[in-house]
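Visitor: Structure file data-v7.cif (mmCIF, C-alpha atoms) right here:
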```cif
data_work
loop_
_atom_site.label_atom_id
_atom_site.label_comp_id
_atom_site.auth_asym_id
_atom_site.auth_seq_id
_atom_site.Cartn_x
_atom_site.Cartn_y
_atom_site.Cartn_z
CA MET Q 17 -9.39 -10.53 11.15
CA GLN Q 18 -12.07 -8.78 13.14
CA ALA Q 19 -15.20 -6.98 11.97
CA VAL Q 20 -15.89 -3.54 13.40
CA LYS Q 21 -19.48 -2.38 13.08
CA LYS Q 22 -19.82 1.26 12.05
CA GLU Q 23 -22.92 1.70 14.20
CA SER Q 24 -21.23 0.51 17.40
CA GLN Q 25 -19.19 3.70 17.94
CA ASP Q 26 -17.15 6.28 16.10
CA SER Q 27 -14.33 3.80 15.45
CA PHE Q 28 -14.55 4.19 11.70
CA TYR Q 29 -13.99 7.94 11.76
CA ARG Q 30 -11.05 7.61 14.12
CA LEU Q 31 -9.41 4.96 11.96
CA LEU Q 32 -9.31 7.01 8.76
CA SER Q 33 -7.48 10.29 8.38
CA VAL Q 34 -7.80 12.87 5.63
CA GLY Q 35 -5.08 12.23 3.07
CA ALA Q 36 -4.86 8.49 3.81
CA ARG Q 37 -3.84 6.37 0.82
CA LEU Q 38 -6.59 4.11 -0.53
CA ASN Q 39 -6.63 1.12 -2.85
CA MET Q 40 -9.89 0.54 -4.69
CA GLU Q 41 -11.32 -2.08 -6.99
CA LEU Q 42 -14.74 -2.85 -8.42
CA SER Q 43 -16.36 -5.76 -6.60
CA ASP Q 44 -17.53 -7.34 -9.87
CA ASP Q 45 -14.24 -6.96 -11.74
CA PRO Q 46 -12.79 -10.44 -12.42
CA ARG Q 47 -9.36 -8.90 -13.07
CA LYS Q 48 -9.43 -7.18 -9.65
CA THR Q 49 -7.95 -4.07 -11.24
CA GLN Q 50 -6.57 -1.80 -8.54
CA VAL Q 51 -6.58 1.98 -8.59
CA THR Q 52 -5.12 4.26 -5.95
CA SER Q 53 -6.61 7.36 -4.43
CA ARG Q 54 -6.79 9.32 -1.18
CA ILE Q 55 -9.54 10.22 1.21
CA VAL Q 56 -10.43 13.91 1.08
CA GLY Q 57 -13.01 14.00 3.86
CA TYR Q 58 -16.45 12.85 4.93
CA ARG Q 59 -19.81 14.00 6.22
CA LYS Q 60 -20.52 11.97 9.31
CA ASP Q 61 -23.19 9.30 8.87
CA GLN Q 62 -23.67 10.32 5.23
CA PHE Q 63 -20.75 9.79 2.84
CA LEU Q 64 -17.02 9.76 2.14
CA LEU Q 65 -15.24 12.09 -0.28
CA ILE Q 66 -12.42 10.51 -2.28
CA ASP Q 67 -10.04 11.84 -4.93
CA CYS Q 68 -11.11 10.51 -8.30
CA PRO Q 69 -8.72 7.82 -9.55
CA ASN Q 70 -7.14 8.35 -12.93
CA GLY Q 71 -5.36 6.19 -15.44
CA ASN Q 72 -5.47 4.85 -18.99
CA ASP Q 73 -7.42 1.65 -18.31
CA PRO Q 74 -10.99 1.97 -19.67
CA ILE Q 75 -12.29 0.37 -16.47
CA ILE Q 76 -11.53 3.65 -14.65
CA GLU Q 77 -14.78 5.13 -15.96
CA ARG Q 78 -16.78 2.46 -14.16
CA PHE Q 79 -15.63 3.88 -10.82
CA PHE Q 80 -17.79 6.93 -11.54
CA ILE Q 81 -21.06 5.08 -12.26
CA PRO Q 82 -23.64 5.47 -9.43
CA ASN Q 83 -24.49 2.30 -7.46
CA ASN Q 84 -21.39 0.43 -8.59
CA GLN Q 85 -19.90 -1.32 -5.59
CA LEU Q 86 -16.29 -0.64 -4.61
CA ILE Q 87 -13.92 -2.57 -2.37
CA ILE Q 88 -11.75 -0.05 -0.56
CA ARG Q 89 -8.65 -0.80 1.50
CA ALA Q 90 -6.79 1.70 3.63
CA ILE Q 91 -4.17 2.08 6.32
CA THR Q 92 -5.69 3.31 9.56
CA ASP Q 93 -4.62 6.28 11.63
CA SER Q 94 -4.51 4.11 14.75
CA GLU Q 95 -1.47 3.68 16.99
CA PHE Q 96 -0.27 0.55 15.17
CA ARG Q 97 -1.26 1.60 11.62
CA ASP Q 98 -3.61 -1.32 11.05
CA VAL Q 99 -5.15 -2.10 7.67
CA ILE Q 100 -8.90 -2.10 7.01
CA ALA Q 101 -11.15 -3.03 4.09
CA PHE Q 102 -14.79 -2.26 3.40
CA ARG Q 103 -17.41 -2.07 0.65
CA SER Q 104 -19.05 1.16 -0.48
CA LEU Q 105 -21.44 2.22 -3.23
CA VAL Q 106 -20.68 5.04 -5.65
CA MET Q 107 -23.19 7.81 -4.84
CA GLY Q 108 -22.06 10.42 -7.35
CA VAL Q 109 -19.26 12.60 -8.63
CA ILE Q 110 -18.47 16.24 -7.87
CA GLN Q 111 -17.08 17.90 -11.00
CA LYS Q 112 -16.09 21.38 -9.76
CA PRO Q 113 -13.86 22.91 -8.55
CA ILE Q 114 -12.11 19.51 -8.57
CA ARG Q 115 -13.41 16.07 -9.44
CA LEU Q 116 -14.28 14.07 -6.32
CA LEU Q 117 -15.95 10.72 -5.82
CA ILE Q 118 -18.82 10.46 -3.31
CA VAL Q 119 -19.20 6.98 -1.82
CA SER Q 120 -21.43 5.53 0.86
CA LEU Q 121 -20.26 4.74 4.37
CA PRO Q 122 -19.62 1.04 5.04
CA GLU Q 123 -21.90 -1.18 7.04
CA SER Q 124 -18.92 -3.02 8.52
CA ILE Q 125 -15.16 -3.16 8.23
CA ALA Q 126 -12.64 -6.00 7.94
CA HIS Q 127 -9.83 -4.96 10.28
CA ARG Q 128 -6.39 -6.52 10.71
CA GLN Q 129 -3.50 -5.43 12.88
CA ILE Q 130 -0.16 -5.32 11.07
CA ARG Q 131 2.09 -4.80 14.08
CA GLN Q 132 2.48 -8.62 14.13
CA GLU Q 133 3.66 -8.62 10.49
CA PRO Q 134 6.37 -5.97 10.29
CA ARG Q 135 8.18 -7.68 7.41
CA ILE Q 136 6.64 -8.78 4.12
CA ASP Q 137 8.11 -11.48 1.87
CA THR Q 138 8.64 -10.21 -1.66
CA ASN Q 139 10.17 -11.34 -4.94
CA LEU Q 140 10.87 -8.11 -6.78
CA THR Q 141 13.73 -7.15 -9.07
CA VAL Q 142 15.11 -3.70 -8.23
CA ARG Q 143 17.87 -1.44 -9.51
CA VAL Q 144 20.40 -0.56 -6.85
CA ASP Q 145 23.16 2.06 -6.89
CA ALA Q 146 26.39 1.35 -5.00
CA ASP Q 147 29.73 3.17 -4.90
CA GLU Q 148 31.06 0.83 -7.58
CA GLY Q 149 28.09 1.46 -9.85
CA PRO Q 150 24.51 0.22 -10.39
CA PHE Q 151 23.48 -3.43 -10.24
CA LYS Q 152 20.34 -5.53 -10.43
CA GLY Q 153 19.20 -7.03 -7.14
CA ARG Q 154 16.24 -8.95 -5.83
CA LEU Q 155 14.15 -7.73 -2.90
CA ILE Q 156 13.63 -10.80 -0.71
CA ASP Q 157 11.65 -9.14 2.07
CA TYR Q 158 10.74 -5.62 3.07
CA SER Q 159 9.75 -3.57 6.09
CA VAL Q 160 9.49 0.19 6.69
CA SER Q 161 12.87 0.14 8.44
CA GLY Q 162 14.87 -2.25 6.25
CA CYS Q 163 14.99 -5.06 3.73
CA CYS Q 164 16.85 -8.15 2.56
CA LEU Q 165 18.53 -7.97 -0.84
CA SER Q 166 20.15 -10.66 -2.94
CA ALA Q 167 22.45 -10.28 -5.94
CA SER Q 168 24.58 -12.63 -7.97
CA GLY Q 169 28.33 -12.32 -7.65
CA ASP Q 170 28.45 -11.19 -11.27
CA GLU Q 171 26.24 -8.24 -10.37
CA HIS Q 172 27.61 -7.12 -7.00
CA LEU Q 173 29.54 -8.26 -3.93
CA PHE Q 174 28.00 -7.02 -0.68
CA PHE Q 175 30.08 -5.76 2.21
CA GLU Q 176 29.07 -4.35 5.57
CA ASP Q 177 28.62 -0.59 6.02
CA GLU Q 178 28.33 0.10 2.29
CA THR Q 179 25.57 2.53 1.33
CA LEU Q 180 22.98 1.40 -1.22
CA LYS Q 181 20.32 3.38 -3.03
CA ILE Q 182 17.35 1.20 -3.96
CA HIS Q 183 15.18 2.43 -6.82
CA ILE Q 184 11.50 1.71 -6.23
CA GLU Q 185 9.19 1.59 -9.24
CA TYR Q 186 5.95 -0.09 -8.25
CA GLY Q 187 2.72 0.64 -10.03
CA SER Q 188 1.99 3.99 -11.61
CA ASP Q 189 2.63 6.32 -8.67
CA LEU Q 190 5.13 4.66 -6.34
CA LYS Q 191 8.53 5.74 -7.59
CA GLY Q 192 11.60 6.99 -5.80
CA VAL Q 193 14.84 6.08 -4.09
CA ILE Q 194 15.30 4.52 -0.65
CA THR Q 195 18.75 4.78 0.91
CA GLY Q 196 20.18 2.33 3.41
CA LYS Q 197 23.32 0.79 4.80
CA VAL Q 198 24.29 -2.89 4.70
CA VAL Q 199 24.37 -4.19 8.27
CA THR Q 200 24.68 -7.96 7.66
CA VAL Q 201 26.01 -10.10 4.82
CA ASN Q 202 25.33 -13.80 4.26
CA ASN Q 203 27.72 -15.25 1.70
CA ASP Q 204 26.67 -18.82 2.51
CA LYS Q 205 23.54 -18.40 0.41
CA GLU Q 206 23.45 -18.59 -3.35
CA PRO Q 207 23.02 -15.89 -4.39
CA PRO Q 208 24.44 -14.00 -1.36
CA THR Q 209 22.09 -11.80 0.63
CA ALA Q 210 22.46 -8.57 2.58
CA GLY Q 211 20.40 -7.06 5.36
CA VAL Q 212 19.88 -3.34 4.73
CA LEU Q 213 18.90 -0.78 7.36
CA PHE Q 214 17.22 2.27 5.85
CA ASP Q 215 18.15 5.80 6.89
CA GLU Q 216 15.57 8.38 7.95
CA SER Q 217 15.02 9.82 4.48
CA SER Q 218 12.14 8.96 2.14
CA SER Q 219 9.85 8.08 5.06
CA THR Q 220 6.67 8.62 3.04
CA LEU Q 221 7.86 6.40 0.18
CA ARG Q 222 9.06 3.70 2.59
CA LYS Q 223 5.69 3.58 4.35
CA GLU Q 224 3.54 3.73 1.24
CA PHE Q 225 5.56 1.01 -0.46
CA PHE Q 226 5.03 -1.19 2.61
CA TYR Q 227 1.29 -0.47 2.58
CA GLN Q 228 1.04 -1.24 -1.13
CA LEU Q 229 2.83 -4.57 -0.67
CA LEU Q 230 0.47 -5.31 2.20
CA PHE Q 231 -2.57 -4.55 0.04
CA ASP Q 232 -1.27 -6.83 -2.69
CA MET Q 233 -0.93 -9.73 -0.26
CA ARG Q 234 -4.69 -10.22 -0.63
CA VAL Q 235 -4.05 -12.58 -3.57
CA ASN Q 236 -3.00 -15.25 -1.07
CA ASP Q 237 -4.47 -13.81 2.13
CA ARG Q 238 -8.24 -13.63 2.30
CA SER Q 239 -8.47 -11.91 5.73
CA LEU Q 240 -9.14 -8.58 4.02
CA ASP Q 241 -11.94 -9.89 1.82
CA VAL Q 242 -15.16 -8.01 2.41
#
```
Written as C-alpha cells, that's how I'd like the structure from this file.
Guide:
Amino acid sequence: MQAVKKESQDSFYRLLSVGARLNMELSDDPRKTQVTSRIVGYRKDQFLLIDCPNGNDPIIERFFIPNNQLIIRAITDSEFRDVIAFRSLVMGVIQKPIRLLIVSLPESIAHRQIRQEPRIDTNLTVRVDADEGPFKGRLIDYSVSGCCLSASGDEHLFFEDETLKIHIEYGSDLKGVITGKVVTVNNDKEPPTAGVLFDESSSTLRKEFFYQLLFDMRVNDRSLDV
C-alpha cells in the first residue's frame, strides 16, 4: 500500500474517471454497510459529485447528512486498473434535476496495484447452465478472464471444451450471465474442479464483479483502510 498526497500533483484526478464504480460506507458504521454508486464529476480542488446511493436500508439516509465521513473505494483509470481508497466528508446534496451527493476531496489516498493479484480466491455458490441442464457449482477463484469451478458428481461432470453459462447474483446490482469454455478438468480433487476461460462477452459484468470481490477483500486485508 502506498499513500498518494492530493497536493503533490494531479494524480488524484488522473486516477478517477467519470462513471467509475464506487463502494462507499460510513466511517462510524460498525456494520460497515456498503453501498454502490458512481462518480459523476468534480470541480478541481473543491469537491466530487457522486450519484446518490439508493436502497431499503435505513442507514442510506445517513449518507446525505452534511459532515458525515465516508470511506470511498474505487478502481482507478490507470494503466493497470489499481484500486484506491480515501475518506471524504458529505458537503451537501443536489436535488434537481437529479439527486447528487457533493463530497469533499481527500487529503490522501490509500493506493494498491492489483496487477500482482489477477485472481481472487472465493467461496461462492453459483448456478451454472450446461448443455445437459443447470447445476449448482462453487466458484473457487475468479479473475476477469476466467475462473475455477467445482461441482459434485451428482450435480455435473465436467469435460473439456464444454460451454458453461455462470449466473452471477452478487449484491443488489451485480446480476448477469458470464459465458466461458472449460479448458482444464481435475478429477483428482473431491469435488472435481474445472478451469473456465471466459469469452469476450459481458466484459463490463466480468470487470465489475472482479472489482466488487476485490473491495470485499478488505475484511481480511487492511491495506485499503484509510
Visitor: Expressed in Å to a single decimal, how great is the separation between atom CA of Q:Leu180 and atom CA of Q:Val144?
Guide: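 Between atom CA of Q:Leu180 and atom CA of Q:Val144 the gap works out to 6.5 Å.
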Visitor: Could you tell me, as an MDAnalysis selection string, exactly which residues end up selected when the PyMOL selection byres ((chain Q and resi 138-140) around 12) is applied to this structure?
Guide: chainID Q and resid 135:137 141:143 152:159 163:167 182:186 225:226 228:230 232:233
Visitor: I need the residue nearest Q:Asn83 from this list: Q:Val106, Q:Leu65, Q:Leu31, Q:Ala126. Use only C-alpha atoms for the distance.
Guide: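 Checking each of Q:Val106, Q:Leu65, Q:Leu31, Q:Ala126 against Q:Asn83, counting only C-alpha atoms, the winner is Q:Val106.
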Visitor: Neighbours of Q:Pro69 within 9 Å (only C-alpha atoms; same-chain residues fewer than 4 positions away dropped), as a short mmCIF file (atom, residue, chain, number, x, y, z; two decimals) with C-alpha atoms, keeping the file's coordinate frame?
Guide:
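Listed below is the output, out-v3.cif:
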```cif
data_model
loop_
_atom_site.label_atom_id
_atom_site.label_comp_id
_atom_site.auth_asym_id
_atom_site.auth_seq_id
_atom_site.Cartn_x
_atom_site.Cartn_y
_atom_site.Cartn_z
CA MET Q 40 -9.89 0.54 -4.69
CA VAL Q 51 -6.58 1.98 -8.59
CA THR Q 52 -5.12 4.26 -5.95
CA SER Q 53 -6.61 7.36 -4.43
CA ARG Q 54 -6.79 9.32 -1.18
CA ILE Q 76 -11.53 3.65 -14.65
CA PHE Q 79 -15.63 3.88 -10.82
CA LEU Q 116 -14.28 14.07 -6.32
CA LEU Q 117 -15.95 10.72 -5.82
#
```
Visitor: Would you mind telling me which residue in Q:Gln85, Q:Thr92, Q:Thr220, Q:Gly71 lies nearest to Q:Ser33 when using all atoms listed in the file?
Guide: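 Ranked by minimum distance to Q:Ser33, first place goes to Q:Thr92.
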Visitor: Skip Q:Glu148 itself and residues of its chain fewer than 5 positions away, then list as an mmCIF file with C-alpha atoms, in the frame of the given file all residues within 12 Å of it, counting all atoms listed in the file.
Guide:
```
data_model
loop_
_atom_site.group_PDB
_atom_site.id
_atom_site.type_symbol
_atom_site.label_atom_id
_atom_site.label_comp_id
_atom_site.auth_asym_id
_atom_site.auth_seq_id
_atom_site.Cartn_x
_atom_site.Cartn_y
_atom_site.Cartn_z
ATOM 1 C CA GLU Q 171 26.240 -8.240 -10.370
ATOM 2 C CA HIS Q 172 27.610 -7.120 -7.000
ATOM 3 C CA LEU Q 173 29.540 -8.260 -3.930
ATOM 4 C CA PHE Q 174 28.000 -7.020 -0.680
ATOM 5 C CA PHE Q 175 30.080 -5.760 2.210
ATOM 6 C CA GLU Q 178 28.330 0.100 2.290
ATOM 7 C CA THR Q 179 25.570 2.530 1.330
ATOM 8 C CA LEU Q 180 22.980 1.400 -1.220
ATOM 9 C CA LYS Q 181 20.320 3.380 -3.030
#
```
Visitor: At what distance in Å, to one decimal, does atom CA of Q:Val160 lie from atom CA of Q:Ile91?
Guide: 13.8 Å
Visitor: So how far away is atom CA of Q:Ile114 from atom CA of Q:Leu86, in Å?
Guide: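 These two atoms are separated by 21.0 Å.
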